[in-house]
$ cat structure05.txt   # compact mmCIF, C-alpha atoms and all ligand atoms
# COMPACT_ATOMS: atom_id res chain seq x y z
CA MET V 1 -7.83 2.86 17.24
CA ARG V 2 -10.60 5.37 18.03
CA SER V 3 -8.28 7.29 20.37
CA LEU V 4 -6.01 8.10 17.42
CA TYR V 5 -8.59 10.01 15.35
CA PRO V 6 -8.73 13.33 17.29
CA GLY V 7 -4.96 13.82 17.00
CA ARG V 8 -5.05 13.14 13.26
CA LEU V 9 -7.84 15.65 12.76
CA LYS V 10 -5.95 18.23 14.78
CA ARG V 11 -2.90 17.83 12.57
CA LEU V 12 -4.97 18.18 9.43
CA ARG V 13 -6.49 21.39 10.79
CA LEU V 14 -2.99 22.74 11.37
CA ILE V 15 -2.36 22.21 7.66
CA LEU V 16 -5.60 24.07 6.88
CA ALA V 17 -4.60 26.99 9.10
CA ARG V 18 -1.06 27.18 7.72
CA GLN V 19 -2.26 27.19 4.12
CA GLY V 20 -5.11 29.63 4.72
CA LEU V 21 -7.72 27.04 3.74
CA ASP V 22 -11.29 26.87 5.01
CA ALA V 23 -11.87 23.18 4.35
CA PHE V 24 -10.34 19.92 3.10
CA LEU V 25 -12.42 17.64 0.91
CA VAL V 26 -11.05 14.11 1.44
CA THR V 27 -11.93 11.57 -1.25
CA CYS V 28 -9.05 9.05 -0.98
CA PRO V 29 -10.64 5.97 0.66
CA GLU V 30 -7.62 5.23 2.87
CA ASN V 31 -7.40 8.87 3.98
CA ARG V 32 -11.12 8.82 4.72
CA ARG V 33 -10.65 5.76 6.91
CA TYR V 34 -7.46 7.09 8.52
CA LEU V 35 -9.17 10.27 9.69
CA SER V 36 -12.66 9.05 10.56
CA GLY V 37 -12.61 5.27 11.09
CA PHE V 38 -15.24 4.81 8.35
CA THR V 39 -14.07 1.56 6.73
CA ALA V 40 -16.18 1.44 3.55
CA GLU V 41 -14.21 0.93 0.38
CA ASP V 42 -14.78 2.44 -3.05
CA MET V 43 -16.09 -0.06 -5.57
CA GLY V 44 -14.24 1.62 -8.43
CA ILE V 45 -12.77 4.92 -9.57
CA SER V 46 -16.22 6.42 -10.19
CA GLU V 47 -18.11 4.70 -7.38
CA SER V 48 -17.14 6.40 -4.16
CA ALA V 49 -18.39 5.36 -0.74
CA GLY V 50 -18.27 8.96 0.41
CA ALA V 51 -16.13 11.92 1.31
CA LEU V 52 -15.01 13.89 4.33
CA LEU V 53 -15.33 17.62 4.59
CA VAL V 54 -13.00 18.82 7.32
CA LEU V 55 -13.68 22.41 8.36
CA ARG V 56 -11.79 24.44 10.94
CA ASN V 57 -14.37 23.59 13.60
CA GLU V 58 -16.51 20.86 12.15
CA ALA V 59 -15.98 17.39 10.69
CA ILE V 60 -18.57 16.14 8.20
CA LEU V 61 -18.86 12.66 6.72
CA LEU V 62 -20.83 12.64 3.48
CA THR V 63 -22.06 9.34 2.09
CA ASP V 64 -25.12 7.77 0.47
CA GLY V 65 -27.95 5.78 2.00
CA ARG V 66 -26.23 2.41 1.54
CA TYR V 67 -23.61 3.34 4.12
CA GLN V 68 -25.77 5.24 6.62
CA VAL V 69 -25.78 2.60 9.38
CA GLN V 70 -22.12 1.73 8.95
CA ALA V 71 -21.02 5.38 8.93
CA ARG V 72 -22.94 6.18 12.10
CA ASP V 73 -21.45 3.12 13.87
CA GLU V 74 -17.89 3.62 12.74
CA ALA V 75 -17.57 7.41 12.86
CA PRO V 76 -19.91 8.51 15.68
CA ASP V 77 -18.05 11.78 16.27
CA TRP V 78 -18.57 12.97 12.69
CA HIS V 79 -21.55 14.98 11.55
CA LEU V 80 -23.20 12.58 9.10
CA VAL V 81 -24.78 13.93 5.91
CA ILE V 82 -26.51 11.47 3.55
CA TYR V 83 -26.59 12.65 -0.03
CA ARG V 84 -29.40 11.73 -2.37
CA GLN V 85 -28.39 13.64 -5.47
CA GLY V 86 -24.64 13.19 -5.40
CA LEU V 87 -21.71 14.81 -3.65
CA ALA V 88 -21.61 18.06 -5.68
CA HIS V 89 -25.25 18.87 -5.03
CA THR V 90 -24.89 18.21 -1.30
CA LEU V 91 -21.74 20.33 -1.03
CA LYS V 92 -23.66 23.19 -2.64
CA ASP V 93 -26.43 22.88 -0.02
CA LEU V 94 -23.93 22.64 2.82
CA MET V 95 -21.94 25.65 1.75
CA TYR V 96 -24.84 27.91 0.92
CA GLY V 97 -24.32 31.14 2.84
CA SER V 98 -21.27 29.80 4.67
CA ALA V 99 -17.90 31.48 5.02
CA ILE V 100 -16.10 28.71 3.14
CA HIS V 101 -14.21 30.23 0.24
CA LYS V 102 -11.09 28.13 -0.21
CA ILE V 103 -11.20 24.32 -0.27
CA ALA V 104 -8.38 21.82 -0.65
CA TYR V 105 -9.13 18.67 -2.64
CA GLU V 106 -7.25 15.50 -3.57
CA PRO V 107 -6.63 15.64 -7.34
CA ASN V 108 -5.45 12.03 -7.49
CA PHE V 109 -8.70 10.77 -5.93
CA LEU V 110 -11.33 12.75 -7.81
CA THR V 111 -12.34 12.05 -11.41
CA CYS V 112 -12.45 14.94 -13.88
CA GLN V 113 -16.21 14.49 -14.07
CA GLN V 114 -16.65 14.69 -10.28
CA PHE V 115 -14.41 17.74 -10.06
CA ASP V 116 -16.26 19.49 -12.90
CA ALA V 117 -19.59 18.88 -11.16
CA ILE V 118 -18.27 20.24 -7.84
CA ARG V 119 -16.78 23.32 -9.49
CA LYS V 120 -20.00 24.04 -11.32
CA ALA V 121 -22.01 23.62 -8.11
CA LEU V 122 -19.71 26.03 -6.23
CA PRO V 123 -18.70 28.67 -8.78
CA GLU V 124 -17.57 31.19 -6.15
CA THR V 125 -15.26 28.79 -4.32
CA GLU V 126 -11.53 28.58 -4.86
CA PHE V 127 -10.19 25.01 -5.14
CA VAL V 128 -6.63 24.14 -4.20
CA ALA V 129 -5.15 20.80 -5.31
CA LEU V 130 -3.36 19.33 -2.31
CA SER V 131 -2.07 15.78 -2.56
CA GLY V 132 0.29 13.84 -0.34
CA ARG V 133 -0.38 15.70 2.90
CA ILE V 134 -2.54 13.10 4.63
CA GLU V 135 -0.41 10.41 2.99
CA ALA V 136 2.65 11.93 4.70
CA MET V 137 0.86 11.70 8.05
CA ARG V 138 -0.06 8.09 7.30
CA SER V 139 3.54 7.18 6.47
CA ILE V 140 4.61 7.45 10.13
CA LYS V 141 2.91 4.64 11.99
CA ALA V 142 1.63 4.72 15.56
CA PRO V 143 2.59 1.72 17.74
CA LEU V 144 -0.93 0.31 17.40
CA GLU V 145 -0.72 0.47 13.61
CA ILE V 146 2.62 -1.33 13.71
CA ASP V 147 0.97 -4.06 15.80
CA TYR V 148 -1.78 -4.44 13.19
CA ILE V 149 0.77 -4.60 10.38
CA LYS V 150 2.68 -7.29 12.28
CA GLU V 151 -0.54 -9.29 12.58
CA ALA V 152 -1.14 -8.93 8.83
CA ILE V 153 2.43 -10.15 8.21
CA SER V 154 1.95 -13.18 10.49
CA ALA V 155 -1.30 -14.10 8.73
CA ALA V 156 0.37 -14.00 5.30
CA GLU V 157 3.33 -15.98 6.60
CA SER V 158 1.14 -18.74 7.99
CA VAL V 159 -0.36 -19.09 4.50
CA LEU V 160 3.03 -18.98 2.80
CA ASN V 161 4.24 -21.76 5.04
CA GLY V 162 1.68 -24.05 3.40
CA VAL V 163 2.50 -22.76 -0.08
CA TRP V 164 6.15 -23.60 0.44
CA ARG V 165 5.16 -27.21 1.03
CA ALA V 166 2.54 -27.32 -1.74
CA ILE V 167 4.88 -26.19 -4.53
CA ARG V 168 5.67 -29.20 -6.71
CA PRO V 169 5.93 -30.05 -10.41
CA GLY V 170 2.53 -30.45 -12.05
CA ILE V 171 0.57 -27.92 -9.98
CA THR V 172 -0.56 -24.79 -11.89
CA GLU V 173 0.06 -21.15 -11.01
CA LYS V 174 -3.69 -20.63 -10.60
CA GLU V 175 -3.94 -23.56 -8.19
CA VAL V 176 -1.20 -22.04 -6.05
CA ALA V 177 -2.92 -18.63 -6.22
CA TRP V 178 -6.23 -20.18 -5.19
CA TYR V 179 -4.55 -21.89 -2.24
CA ILE V 180 -3.12 -18.51 -1.18
CA LEU V 181 -6.45 -16.70 -1.54
CA GLU V 182 -8.32 -19.37 0.39
CA GLY V 183 -5.74 -19.15 3.18
CA LEU V 184 -5.84 -15.35 3.31
CA TRP V 185 -9.63 -15.29 3.60
CA ARG V 186 -9.36 -17.86 6.38
CA CYS V 187 -6.52 -16.24 8.39
CA ALA V 188 -7.25 -12.56 7.69
CA GLU V 189 -9.76 -10.18 6.10
CA GLY V 190 -8.52 -11.40 2.72
CA PRO V 191 -5.67 -10.51 0.37
CA SER V 192 -4.13 -7.04 0.40
CA PHE V 193 -3.80 -7.37 -3.42
CA PRO V 194 -4.34 -10.19 -5.93
CA PRO V 195 -1.48 -12.65 -5.35
CA ILE V 196 1.23 -13.08 -7.96
CA VAL V 197 2.35 -16.62 -8.75
CA ALA V 198 4.75 -16.52 -11.69
CA SER V 199 6.79 -19.53 -12.79
CA GLY V 200 9.52 -20.05 -15.38
CA PRO V 201 9.39 -17.37 -18.13
CA ASN V 202 6.37 -15.75 -16.43
CA ALA V 203 8.67 -14.91 -13.51
CA ALA V 204 10.38 -12.40 -15.83
CA LEU V 205 7.24 -10.22 -15.58
CA PRO V 206 7.29 -8.30 -12.27
CA HIS V 207 3.48 -8.03 -12.17
CA ALA V 208 2.51 -11.34 -13.77
CA VAL V 209 -1.02 -12.65 -13.35
CA PRO V 210 -1.41 -16.35 -12.36
CA THR V 211 -2.11 -18.57 -15.39
CA ASP V 212 -2.89 -22.23 -16.11
CA LYS V 213 0.83 -22.85 -16.66
CA VAL V 214 2.09 -25.94 -14.89
CA LEU V 215 5.13 -25.61 -12.60
CA GLU V 216 8.11 -27.49 -13.99
CA GLU V 217 11.25 -28.96 -12.47
CA GLY V 218 14.10 -26.46 -12.02
CA GLU V 219 11.96 -23.34 -12.53
CA PRO V 220 11.89 -20.27 -10.32
CA VAL V 221 8.44 -19.39 -8.95
CA ILE V 222 7.87 -15.86 -7.70
CA VAL V 223 5.14 -15.76 -5.06
CA ASP V 224 4.14 -12.21 -4.03
CA MET V 225 1.23 -11.93 -1.63
CA GLY V 226 -0.10 -10.18 1.44
CA ALA V 227 -2.94 -10.17 3.92
CA ARG V 228 -5.24 -7.45 5.20
CA LEU V 229 -6.05 -7.38 8.87
CA LYS V 230 -7.93 -4.61 10.71
CA GLY V 231 -7.52 -2.66 7.49
CA TYR V 232 -3.72 -2.91 7.48
CA CYS V 233 -1.77 -4.64 4.73
CA SER V 234 1.22 -6.91 4.49
CA ASP V 235 3.29 -7.55 1.39
CA MET V 236 5.95 -10.20 0.91
CA THR V 237 7.68 -12.01 -1.92
CA ARG V 238 9.66 -15.19 -1.97
CA THR V 239 11.14 -16.90 -4.99
CA MET V 240 10.87 -20.66 -4.71
CA PHE V 241 12.41 -23.33 -6.88
CA VAL V 242 10.69 -26.46 -8.04
CA GLY V 243 13.43 -29.03 -7.49
CA ARG V 244 17.01 -28.05 -8.28
CA PRO V 245 17.55 -24.60 -9.81
CA LYS V 246 19.80 -24.04 -12.83
CA PRO V 247 23.21 -22.45 -12.11
CA LEU V 248 22.10 -19.15 -13.72
CA PHE V 249 19.23 -18.82 -11.25
CA ARG V 250 21.37 -19.79 -8.29
CA GLU V 251 23.66 -16.90 -9.25
CA VAL V 252 20.81 -14.44 -9.83
CA TYR V 253 19.17 -15.44 -6.56
CA SER V 254 22.39 -14.87 -4.59
CA ILE V 255 22.81 -11.40 -6.10
CA VAL V 256 19.24 -10.37 -5.28
CA ARG V 257 19.57 -11.67 -1.73
CA GLU V 258 22.87 -9.84 -1.26
CA ALA V 259 21.26 -6.60 -2.50
CA GLN V 260 18.33 -7.09 -0.13
CA LEU V 261 20.55 -7.79 2.89
CA ALA V 262 22.78 -4.78 2.15
CA ALA V 263 19.76 -2.43 1.91
CA GLN V 264 18.28 -3.89 5.10
CA ARG V 265 21.54 -3.36 6.98
CA ALA V 266 21.82 0.26 5.81
CA LEU V 267 18.19 1.27 6.34
CA LYS V 268 17.63 3.87 9.04
CA ALA V 269 15.95 7.21 9.64
CA GLY V 270 17.70 10.20 8.08
CA LEU V 271 18.62 8.54 4.79
CA THR V 272 16.61 9.24 1.65
CA GLY V 273 14.69 6.63 -0.31
CA ARG V 274 17.13 7.29 -3.13
CA GLN V 275 20.15 6.40 -0.97
CA ILE V 276 18.70 3.05 0.11
CA ASP V 277 17.61 2.23 -3.44
CA LYS V 278 21.15 2.95 -4.65
CA ILE V 279 22.74 0.53 -2.18
CA ALA V 280 20.76 -2.40 -3.60
CA ARG V 281 20.93 -1.14 -7.19
CA ASP V 282 24.73 -0.79 -7.12
CA ILE V 283 25.15 -4.44 -6.08
CA ILE V 284 22.89 -5.64 -8.91
CA HIS V 285 24.57 -3.24 -11.35
CA ASP V 286 28.09 -4.34 -10.39
CA ALA V 287 27.07 -7.97 -10.91
CA GLY V 288 26.10 -7.07 -14.50
CA TYR V 289 22.30 -7.10 -14.12
CA GLY V 290 21.65 -3.36 -13.69
CA PRO V 291 19.15 -3.04 -16.59
CA ARG V 292 17.29 -6.12 -15.32
CA PHE V 293 16.28 -4.50 -12.01
CA VAL V 294 13.32 -2.74 -13.57
CA HIS V 295 11.46 -1.30 -10.59
CA SER V 296 12.12 0.69 -7.46
CA LEU V 297 13.49 -0.96 -4.32
CA GLY V 298 10.45 -0.56 -2.12
CA HIS V 299 7.43 1.32 -0.87
CA GLY V 300 5.55 2.13 2.29
CA VAL V 301 2.81 -0.22 3.50
CA GLY V 302 -0.14 0.60 5.75
CA LEU V 303 -3.85 1.01 5.04
CA ALA V 304 -2.81 0.80 1.37
CA VAL V 305 -0.43 -1.85 0.14
CA HIS V 306 1.51 0.77 -1.83
CA GLU V 307 1.84 4.09 -0.04
CA ALA V 308 4.40 6.71 0.93
CA PRO V 309 7.36 6.67 1.14
CA ILE V 310 8.78 5.33 -2.12
CA LEU V 311 12.30 3.93 -2.11
CA SER V 312 13.46 4.81 -5.61
CA HIS V 313 16.04 6.95 -7.40
CA ARG V 314 13.43 9.72 -7.59
CA SER V 315 12.81 9.85 -3.85
CA ARG V 316 14.75 12.63 -2.17
CA LYS V 317 12.55 12.71 0.91
CA MET V 318 14.11 11.66 4.17
CA LEU V 319 13.02 8.43 5.79
CA ARG V 320 11.73 8.82 9.33
CA ALA V 321 11.40 6.57 12.35
CA GLY V 322 8.03 4.80 12.37
CA MET V 323 7.83 4.27 8.63
CA VAL V 324 7.11 0.73 7.45
CA VAL V 325 8.62 -0.07 4.06
CA THR V 326 9.35 -3.01 1.81
CA ILE V 327 12.80 -3.96 0.57
CA GLU V 328 12.24 -5.84 -2.67
CA PRO V 329 15.06 -6.01 -5.19
CA GLY V 330 14.57 -8.19 -8.26
CA ILE V 331 16.27 -9.36 -11.43
CA TYR V 332 14.14 -10.27 -14.46
CA LEU V 333 15.50 -12.14 -17.50
CA PRO V 334 12.99 -11.96 -20.38
CA GLY V 335 12.03 -15.41 -21.68
CA GLN V 336 13.83 -17.19 -18.86
CA GLY V 337 12.49 -16.14 -15.47
CA GLY V 338 13.26 -13.91 -12.55
CA VAL V 339 13.90 -13.56 -8.85
CA ARG V 340 12.36 -11.07 -6.40
CA LEU V 341 12.70 -11.13 -2.64
CA GLU V 342 10.56 -8.83 -0.50
CA ASN V 343 10.65 -8.18 3.22
CA MET V 344 8.87 -5.56 5.29
CA ALA V 345 10.93 -3.40 7.64
CA LEU V 346 10.28 -0.82 10.34
CA VAL V 347 12.53 2.23 10.00
CA GLU V 348 14.03 3.30 13.32
CA ALA V 349 16.26 6.16 14.47
CA GLU V 350 19.35 4.00 14.62
CA GLY V 351 18.59 1.20 12.21
CA THR V 352 15.74 -1.07 11.32
CA THR V 353 13.71 -4.02 12.51
CA ILE V 354 12.88 -6.56 9.83
CA LEU V 355 9.25 -7.45 10.41
CA SER V 356 9.13 -10.39 7.98
CA LYS V 357 10.31 -13.83 9.02
CA LYS V 358 13.77 -14.94 7.98
CA ASP V 359 12.23 -18.13 6.57
CA TRP V 360 11.94 -19.35 2.99
CA PHE V 361 15.28 -18.05 1.77
CA TYR V 362 17.87 -20.24 0.01
CA ASP V 363 21.50 -20.09 0.93
CA PHE V 364 23.25 -20.92 -2.33
ZN ZN M 1 4.81 -7.54 -3.04
ZN ZN M 2 5.72 -4.60 -2.55
$ encode --input "structure05.txt" --output "structure tokens"
Amino acid sequence: MRSLYPGRLKRLRLILARQGLDAFLVTCPENRRYLSGFTAEDMGISESAGALLVLRNEAILLTDGRYQVQARDEAPDWHLVIYRQGLAHTLKDLMYGSAIHKIAYEPNFLTCQQFDAIRKALPETEFVALSGRIEAMRSIKAPLEIDYIKEAISAAESVLNGVWRAIRPGITEKEVAWYILEGLWRCAEGPSFPPIVASGPNAALPHAVPTDKVLEEGEPVIVDMGARLKGYCSDMTRTMFVGRPKPLFREVYSIVREAQLAAQRALKAGLTGRQIDKIARDIIHDAGYGPRFVHSLGHGVGLAVHEAPILSHRSRKMLRAGMVVTIEPGIYLPGQGGVRLENMALVEAEGTTILSKKDWFYDF
């Protein structure tokens, strides 16, 4: 992985040069890791593990004393600065008398309070909000990153294999979720997001939280989970049935699967996210469930479980070879239940490779 960092930094500096910027202040944790190899995670929106300051000819990693040893180990090529009185104060010291006048920052990864403090500390500096640039670099995966993602997929699948067998009437959603979490900590670095286990009417909520509800005969159970391995995420959803599903859910399941297969067949570089979304959405719409497909078709996966590109009606950006995306159509019937099926796919010049296993699908 270390061999990838110089090239990434070079590309970021090209962006600096093209935009006439003197520096890029990186505060998104995944971008920080992507550029430097520093793996620390932020504990919350206002508790950052540090920032990068990328200059035209210098790369500085700023963090606090808790991360000093880790930062030196993981990012040995970066000039390490430990701050004692916060990021804003340290930036002021660093920039004093320098020729840095125009700095890009990430508005979606800086709180208003942090930004105010930085602006006050550097009153002469011009700040340019620049989001999505490093994310666009991250969206095209290197072969090594694809290998890591595949490992994260395999880890999640080995856990799901056990879940498939454990699902039975009488077990609760939380018990299934606990089984998944335990497996993901055992087979990987842990979950890439808190698993969703949603049965019966709860399956009508796309982002349901596992409850004490007991799984009952005939119900759909949406299981959405993923692993993290070497920092990379996987994300997959299967809808399972406890015993024999009702005819309505057999129908809904078949429609969702058809939509997923059609989108998978069509996926390739050169199409927009909007075009792929429409292929799946049209099938669900024509079957009479258009308003019940309440989210976009998919998203990129990498260091973050949700990242660029987005496959939705709003996405006019072209998909490119090397992107890893999910294909996850769903139909949700309030009060009754729902079905979502999610695979991960590698976008290629002439088509796609489905990275998720073909297992755990019904053929109604
Ligand atoms: Zn998912
Ligand atoms: Zn997803």
$ residues_around --input "structure05.txt" --residues "stretch 316-333 of chain V" --least-positions-apart "6" --cutoff "6 Å" --atoms "all atoms listed in the file" --output "PDB file with C-alpha atoms, keeping the file's coordinate frame"
ATOM      1  CA  SER V 139       3.540   7.180   6.470  1.00  0.00           C
ATOM      2  CA  ILE V 140       4.610   7.450  10.130  1.00  0.00           C
ATOM      3  CA  LYS V 141       2.910   4.640  11.990  1.00  0.00           C
ATOM      4  CA  ALA V 204      10.380 -12.400 -15.830  1.00  0.00           C
ATOM      5  CA  VAL V 256      19.240 -10.370  -5.280  1.00  0.00           C
ATOM      6  CA  ALA V 269      15.950   7.210   9.640  1.00  0.00           C
ATOM      7  CA  GLY V 270      17.700  10.200   8.080  1.00  0.00           C
ATOM      8  CA  LEU V 271      18.620   8.540   4.790  1.00  0.00           C
ATOM      9  CA  THR V 272      16.610   9.240   1.650  1.00  0.00           C
ATOM     10  CA  ARG V 274      17.130   7.290  -3.130  1.00  0.00           C
ATOM     11  CA  ARG V 292      17.290  -6.120 -15.320  1.00  0.00           C
ATOM     12  CA  PHE V 293      16.280  -4.500 -12.010  1.00  0.00           C
ATOM     13  CA  LEU V 297      13.490  -0.960  -4.320  1.00  0.00           C
ATOM     14  CA  GLY V 298      10.450  -0.560  -2.120  1.00  0.00           C
ATOM     15  CA  HIS V 299       7.430   1.320  -0.870  1.00  0.00           C
ATOM     16  CA  GLY V 300       5.550   2.130   2.290  1.00  0.00           C
ATOM     17  CA  VAL V 301       2.810  -0.220   3.500  1.00  0.00           C
ATOM     18  CA  VAL V 339      13.900 -13.560  -8.850  1.00  0.00           C
ATOM     19  CA  ARG V 340      12.360 -11.070  -6.400  1.00  0.00           C
ATOM     20  CA  LEU V 341      12.700 -11.130  -2.640  1.00  0.00           C
ATOM     21  CA  GLU V 342      10.560  -8.830  -0.500  1.00  0.00           C
ATOM     22  CA  ASN V 343      10.650  -8.180   3.220  1.00  0.00           C
ATOM     23  CA  MET V 344       8.870  -5.560   5.290  1.00  0.00           C
ATOM     24  CA  ALA V 345      10.930  -3.400   7.640  1.00  0.00           C
ATOM     25  CA  LEU V 346      10.280  -0.820  10.340  1.00  0.00           C
ATOM     26  CA  VAL V 347      12.530   2.230  10.000  1.00  0.00           C
ATOM     27  CA  GLU V 348      14.030   3.300  13.320  1.00  0.00           C
ATOM     28  CA  ALA V 349      16.260   6.160  14.470  1.00  0.00           C
TER      29      ALA V 349
END
$ residues_near_ligand --input "structure05.txt" --ligand "ligand ZN 1 (chain M)" --cutoff "7 Å" --atoms "all atoms listed in the file" --output "ChimeraX atom specification"
/V:224-225,235-237,342
$ atom_distance --input "structure05.txt" --atom1 "atom CA of V:Ser315" --atom2 "atom CA of V:Gln275"
8.6 Å
$ axis_aligned_box --input "structure05.txt" --around "stretch 165-176 of chain V" --padding-each-side "3 Å" --output "lines of an AutoDock Vina configuration file"
center_x = 1.0
center_y = -25.5
center_z = -5.5
size_x = 15.9
size_y = 15.8
size_z = 19.1
$ residues_around --input "structure05.txt" --residues "V:Leu184" --least-positions-apart "4" --cutoff "7 Å" --atoms "only C-alpha atoms" --output "list of chain:residue names"
V:Ala156, V:Val159, V:Ile180, V:Ala188, V:Gly190, V:Pro191, V:Ala227
$ write_last_selection --input "structure05.txt" --atoms "C-alpha atoms" --output "mmCIF file, in the frame of the given file"
data_model
loop_
_atom_site.group_PDB
_atom_site.id
_atom_site.type_symbol
_atom_site.label_atom_id
_atom_site.label_comp_id
_atom_site.auth_asym_id
_atom_site.auth_seq_id
_atom_site.Cartn_x
_atom_site.Cartn_y
_atom_site.Cartn_z
ATOM 1 C CA ALA V 156 0.370 -14.000 5.300
ATOM 2 C CA VAL V 159 -0.360 -19.090 4.500
ATOM 3 C CA ILE V 180 -3.120 -18.510 -1.180
ATOM 4 C CA ALA V 188 -7.250 -12.560 7.690
ATOM 5 C CA GLY V 190 -8.520 -11.400 2.720
ATOM 6 C CA PRO V 191 -5.670 -10.510 0.370
ATOM 7 C CA ALA V 227 -2.940 -10.170 3.920
#
$ atom_distance --input "structure05.txt" --atom1 "atom CA of V:Ala263" --atom2 "atom CA of V:Tyr289"
16.9 Å
$ residues_around --input "structure05.txt" --residues "V:Gly335" --least-positions-apart "5" --cutoff "12 Å" --atoms "all atoms listed in the file" --output "PyMOL selection string"
chain V and resi 199-205
$ build_atoms --input "structure05.txt" --residues "stretch 50-67 of chain V" --atoms "N, CA and C atoms" --output "PDB file, keeping the file's coordinate frame"
ATOM      1  N   GLY V  50     -18.042   7.731  -0.338  1.00  0.00           N
ATOM      2  CA  GLY V  50     -18.270   8.960   0.410  1.00  0.00           C
ATOM      3  C   GLY V  50     -17.054   9.849   0.478  1.00  0.00           C
ATOM      4  N   ALA V  51     -17.210  10.948   1.192  1.00  0.00           N
ATOM      5  CA  ALA V  51     -16.130  11.920   1.310  1.00  0.00           C
ATOM      6  C   ALA V  51     -16.166  12.545   2.700  1.00  0.00           C
ATOM      7  N   LEU V  52     -15.050  13.116   3.086  1.00  0.00           N
ATOM      8  CA  LEU V  52     -15.010  13.890   4.330  1.00  0.00           C
ATOM      9  C   LEU V  52     -14.874  15.354   3.971  1.00  0.00           C
ATOM     10  N   LEU V  53     -15.543  16.188   4.721  1.00  0.00           N
ATOM     11  CA  LEU V  53     -15.330  17.620   4.590  1.00  0.00           C
ATOM     12  C   LEU V  53     -14.872  18.105   5.960  1.00  0.00           C
ATOM     13  N   VAL V  54     -13.566  18.385   6.040  1.00  0.00           N
ATOM     14  CA  VAL V  54     -13.000  18.820   7.320  1.00  0.00           C
ATOM     15  C   VAL V  54     -12.931  20.340   7.313  1.00  0.00           C
ATOM     16  N   LEU V  55     -13.688  20.949   8.216  1.00  0.00           N
ATOM     17  CA  LEU V  55     -13.680  22.410   8.360  1.00  0.00           C
ATOM     18  C   LEU V  55     -12.838  22.749   9.587  1.00  0.00           C
ATOM     19  N   ARG V  56     -12.607  24.035   9.786  1.00  0.00           N
ATOM     20  CA  ARG V  56     -11.790  24.440  10.940  1.00  0.00           C
ATOM     21  C   ARG V  56     -12.404  23.964  12.255  1.00  0.00           C
ATOM     22  N   ASN V  57     -13.748  23.966  12.320  1.00  0.00           N
ATOM     23  CA  ASN V  57     -14.370  23.590  13.600  1.00  0.00           C
ATOM     24  C   ASN V  57     -15.485  22.573  13.447  1.00  0.00           C
ATOM     25  N   GLU V  58     -15.500  21.885  12.341  1.00  0.00           N
ATOM     26  CA  GLU V  58     -16.510  20.860  12.150  1.00  0.00           C
ATOM     27  C   GLU V  58     -15.955  19.745  11.274  1.00  0.00           C
ATOM     28  N   ALA V  59     -16.436  18.524  11.497  1.00  0.00           N
ATOM     29  CA  ALA V  59     -15.980  17.390  10.690  1.00  0.00           C
ATOM     30  C   ALA V  59     -17.215  16.681  10.156  1.00  0.00           C
ATOM     31  N   ILE V  60     -17.355  16.670   8.828  1.00  0.00           N
ATOM     32  CA  ILE V  60     -18.570  16.140   8.200  1.00  0.00           C
ATOM     33  C   ILE V  60     -18.223  14.921   7.355  1.00  0.00           C
ATOM     34  N   LEU V  61     -19.003  13.863   7.551  1.00  0.00           N
ATOM     35  CA  LEU V  61     -18.860  12.660   6.720  1.00  0.00           C
ATOM     36  C   LEU V  61     -20.056  12.617   5.773  1.00  0.00           C
ATOM     37  N   LEU V  62     -19.759  12.663   4.486  1.00  0.00           N
ATOM     38  CA  LEU V  62     -20.830  12.640   3.480  1.00  0.00           C
ATOM     39  C   LEU V  62     -20.833  11.281   2.797  1.00  0.00           C
ATOM     40  N   THR V  63     -21.984  10.627   2.771  1.00  0.00           N
ATOM     41  CA  THR V  63     -22.060   9.340   2.090  1.00  0.00           C
ATOM     42  C   THR V  63     -23.494   9.140   1.608  1.00  0.00           C
ATOM     43  N   ASP V  64     -23.745   7.996   0.939  1.00  0.00           N
ATOM     44  CA  ASP V  64     -25.120   7.770   0.470  1.00  0.00           C
ATOM     45  C   ASP V  64     -25.817   6.759   1.375  1.00  0.00           C
ATOM     46  N   GLY V  65     -27.099   6.573   1.115  1.00  0.00           N
ATOM     47  CA  GLY V  65     -27.950   5.780   2.000  1.00  0.00           C
ATOM     48  C   GLY V  65     -27.454   4.372   2.285  1.00  0.00           C
ATOM     49  N   ARG V  66     -26.709   3.784   1.344  1.00  0.00           N
ATOM     50  CA  ARG V  66     -26.230   2.410   1.540  1.00  0.00           C
ATOM     51  C   ARG V  66     -25.297   2.290   2.749  1.00  0.00           C
ATOM     52  N   TYR V  67     -24.636   3.399   3.069  1.00  0.00           N
ATOM     53  CA  TYR V  67     -23.610   3.340   4.120  1.00  0.00           C
ATOM     54  C   TYR V  67     -24.044   4.027   5.413  1.00  0.00           C
TER      55      TYR V  67
END
